[in-house]
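Before any comments, here is the structure.
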Amino acid sequence: MKFVYKYQTIDGYGRYLWETKSFPDQAALFHYLVTEKEAIIAQKKSIVKRAEGGLSATFHVEPPEGFATKSKPVYSNDKESGILKRTVVANTYWWMDSHSDVHLGRGAEGENAIFSESIKGRESKVFPIDQHNWSLDGKMGKTLALYEAPISWRALGVGKTGMTEALFADAQIERSKNEKRYNDYLNDEVDQHSVGMRYIDIQLAVNDEEEYPKEFAVFQKYISKIGNRQAVEKQGYFFAVGKAHLSEYSAVIAGSNELTPTMSGQGSGDTGKSETSGDTRKGLMEAINKLSTIITT
């Protein structure tokens, strides 16, 4: 088993790179993480976190029989106007991603989730972006709504009972902005997304009570809620991210958090006139959480 700390950085040309530090055993890795904790967290905060990758294939979530039309995710195709509307899972909480981060949802005391403060009233300032291309040419359209809500693990394709939380975006994808990505969404060929974000509050969690009681307390506080708990326990550490600033969300080929599909429904048609309003969002989430079939095409 390899004992490494993998982290993202930026070279002199502005390109995102992965760097790794290797250690002879887990004890040496833990010692490095704890003794260099302040520097590690400062480095993570110094750059915009984003995933590696480009675009991907389709992930369908098909509603079972009895799925109410008004409760469907936003899904409409207005080919004449060149406008698509989609509900996407921009980020899933309580899941360790490739950055060893676990984005925190709401706690038992009703605390804010990771993006709760950042998304308030910012729909018009957070755009759907093509592969983290943060330029005027990178925009794919606009955001109609941003919200955090519960969703079942099984609805996300994880063989685990219970619920997690996610950041959802009701997005308008426009052909005039980006024809290639418009066609990919039209053909249901976008199944992963990634957020561009800046860390604000991070805690190191380490599974070693004897040597590092402070970091172990963080580990114990959150481990039972994490969807890929086995992977976390095997690695022995993670970073609990309690607060971050959301810059954008992107269509990517391999997001750092793979539980980020485009939600789609049956019989949406191509008129672009049938869509979910804010008043029916509660019904949407209740319906999504009852999904029993995951079909990958």
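Letters for chains follow the order of the structure tokens (A, B, ...), residue numbers begin at 1 for each chain, and ligand numbers begin at 1 in the order shown.
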Legend entry - Shell around Thr87 (chain A) at 10 Å using only C-alpha atoms, local window under 3 positions removed, as a PyMOL selection string: chain A and resi 72-76+90+143-146+168-172+261-264+276
Inset, instruction - Could you tell me, as a PyMOL selection string, which residues of region 74-281 of chain A DSSP assigns to strand (DSSP E or B) when given the backbone? - result: chain A and resi 75-78+83-92+96+101-103+128-130+139+141-152+163-174+193-206+237-251+262-263
Inset, instruction - Would you mind listing what lies within 10 Å of Lys234 (chain A) as JSON, numbers by chain, with only C-alpha atoms counted and same-chain residues fewer than 4 positions away left out? - result: {"A": [1, 207, 229, 230]}
Prev. selection, N, CA, C and O atoms, output as a PDB file, in the first residue's frame:
ATOM      1  N   MET A   1       0.838  -1.202   0.000  1.00  0.00           N
ATOM      2  CA  MET A   1       0.000   0.000   0.000  1.00  0.00           C
ATOM      3  C   MET A   1       0.871   1.250   0.000  1.00  0.00           C
ATOM      4  O   MET A   1       1.856   1.331   0.736  1.00  0.00           O
ATOM      5  N   ASN A 207      -7.209   9.558  11.699  1.00  0.00           N
ATOM      6  CA  ASN A 207      -7.684   8.422  12.490  1.00  0.00           C
ATOM      7  C   ASN A 207      -6.564   7.855  13.365  1.00  0.00           C
ATOM      8  O   ASN A 207      -6.074   6.743  13.141  1.00  0.00           O
ATOM      9  N   ARG A 229     -17.193   5.646   3.314  1.00  0.00           N
ATOM     10  CA  ARG A 229     -16.497   5.518   4.606  1.00  0.00           C
ATOM     11  C   ARG A 229     -15.333   4.537   4.539  1.00  0.00           C
ATOM     12  O   ARG A 229     -14.276   4.781   5.123  1.00  0.00           O
ATOM     13  N   GLN A 230     -15.525   3.424   3.840  1.00  0.00           N
ATOM     14  CA  GLN A 230     -14.470   2.412   3.780  1.00  0.00           C
ATOM     15  C   GLN A 230     -13.198   2.974   3.157  1.00  0.00           C
ATOM     16  O   GLN A 230     -12.087   2.716   3.639  1.00  0.00           O
TER      17      GLN A 230
END
Inset, instruction - Figure out the distance between CA of Gly157 (chain A) and CA of Tyr199 (chain A), please, to one decimal in Å. - result: 27.5 Å
Legend entry - Between CA of Lys160 (chain A) and CA of Trp95 (chain A) - distance in Å to one decimal: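 According to the coordinates, CA of Trp95 (chain A) and CA of Lys160 (chain A) are separated by 12.3 Å.
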Inset, instruction - Based on DSSP run over this structure's backbone, return all residues of region 19-237 of chain A in alpha helix (DSSP H), as a ChimeraX atom specification. - result: /A:26-35,37-45,179-186,213-222,229-235
Would you kindly return, as an mmCIF file with N, CA, C and O atoms, in the first residue's frame, each protein, DNA or RNA residue with an atom no farther than 9 Å from any atom of Gly138 (chain A), considering only C-alpha atoms and excluding same-chain residues fewer than 6 positions away?
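Produced file around-v8.cif, reproduced below:
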data_model
loop_
_atom_site.group_PDB
_atom_site.id
_atom_site.type_symbol
_atom_site.label_atom_id
_atom_site.label_comp_id
_atom_site.auth_asym_id
_atom_site.auth_seq_id
_atom_site.Cartn_x
_atom_site.Cartn_y
_atom_site.Cartn_z
ATOM 1 N N PRO A 128 -22.970 28.210 -15.410
ATOM 2 C CA PRO A 128 -22.511 26.905 -15.889
ATOM 3 C C PRO A 128 -21.371 27.133 -16.872
ATOM 4 O O PRO A 128 -21.504 27.906 -17.823
ATOM 5 N N ILE A 129 -20.228 26.480 -16.628
ATOM 6 C CA ILE A 129 -19.002 26.730 -17.373
ATOM 7 C C ILE A 129 -18.551 25.451 -18.087
ATOM 8 O O ILE A 129 -18.790 24.344 -17.616
ATOM 9 N N ASP A 130 -17.888 25.624 -19.217
ATOM 10 C CA ASP A 130 -17.334 24.505 -19.965
ATOM 11 C C ASP A 130 -15.941 24.169 -19.447
ATOM 12 O O ASP A 130 -14.989 24.913 -19.675
ATOM 13 N N GLN A 131 -15.832 23.061 -18.718
ATOM 14 C CA GLN A 131 -14.557 22.512 -18.278
ATOM 15 C C GLN A 131 -13.665 23.526 -17.546
ATOM 16 O O GLN A 131 -12.466 23.616 -17.780
ATOM 17 N N HIS A 132 -14.295 24.298 -16.673
ATOM 18 C CA HIS A 132 -13.587 25.286 -15.844
ATOM 19 C C HIS A 132 -12.888 26.370 -16.662
ATOM 20 O O HIS A 132 -11.910 26.950 -16.198
ATOM 21 N N LYS A 177 -24.154 30.232 -26.905
ATOM 22 C CA LYS A 177 -22.988 30.386 -26.029
ATOM 23 C C LYS A 177 -21.923 29.328 -26.311
ATOM 24 O O LYS A 177 -20.730 29.620 -26.326
ATOM 25 N N ASN A 178 -22.375 28.070 -26.504
ATOM 26 C CA ASN A 178 -21.434 26.965 -26.677
ATOM 27 C C ASN A 178 -22.153 25.816 -27.382
ATOM 28 O O ASN A 178 -22.821 25.004 -26.741
#
Inset, instruction - Please provide the set of residues having any atom within 9 Å of Phe115 (chain A), restricted to only C-alpha atoms, with same-chain residues fewer than 6 positions apart removed, written as a PyMOL selection string. - result: chain A and resi 105+148+167+242-246
Inset, instruction - Give me the residues within 8 Å of Pro150 (chain A) as a PyMOL selection string, counting only C-alpha atoms and dropping any in the same chain fewer than 4 places off. - result: chain A and resi 163-166+285
Create the file for the chosen residues now, containing C-alpha atoms and written as a short mmCIF file (atom, residue, chain, number, x, y, z; two decimals), in the first residue's frame.
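File part_13.cif, as written:
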data_model
loop_
_atom_site.label_atom_id
_atom_site.label_comp_id
_atom_site.auth_asym_id
_atom_site.auth_seq_id
_atom_site.Cartn_x
_atom_site.Cartn_y
_atom_site.Cartn_z
CA MET A 163 -29.54 10.21 2.73
CA THR A 164 -26.90 12.73 1.86
CA GLU A 165 -27.08 16.33 0.67
CA ALA A 166 -26.13 18.00 -2.58
CA MET A 285 -36.48 16.15 -4.26
#
Inset, instruction - Please identify all polymer residues within 12 Å of region 16-20 of chain A, counting only C-alpha atoms, omitting same-chain residues fewer than 3 positions from it, and present them as an MDAnalysis selection string. - result: chainID A and resid 2:13 23 29 47:53 98:99 132
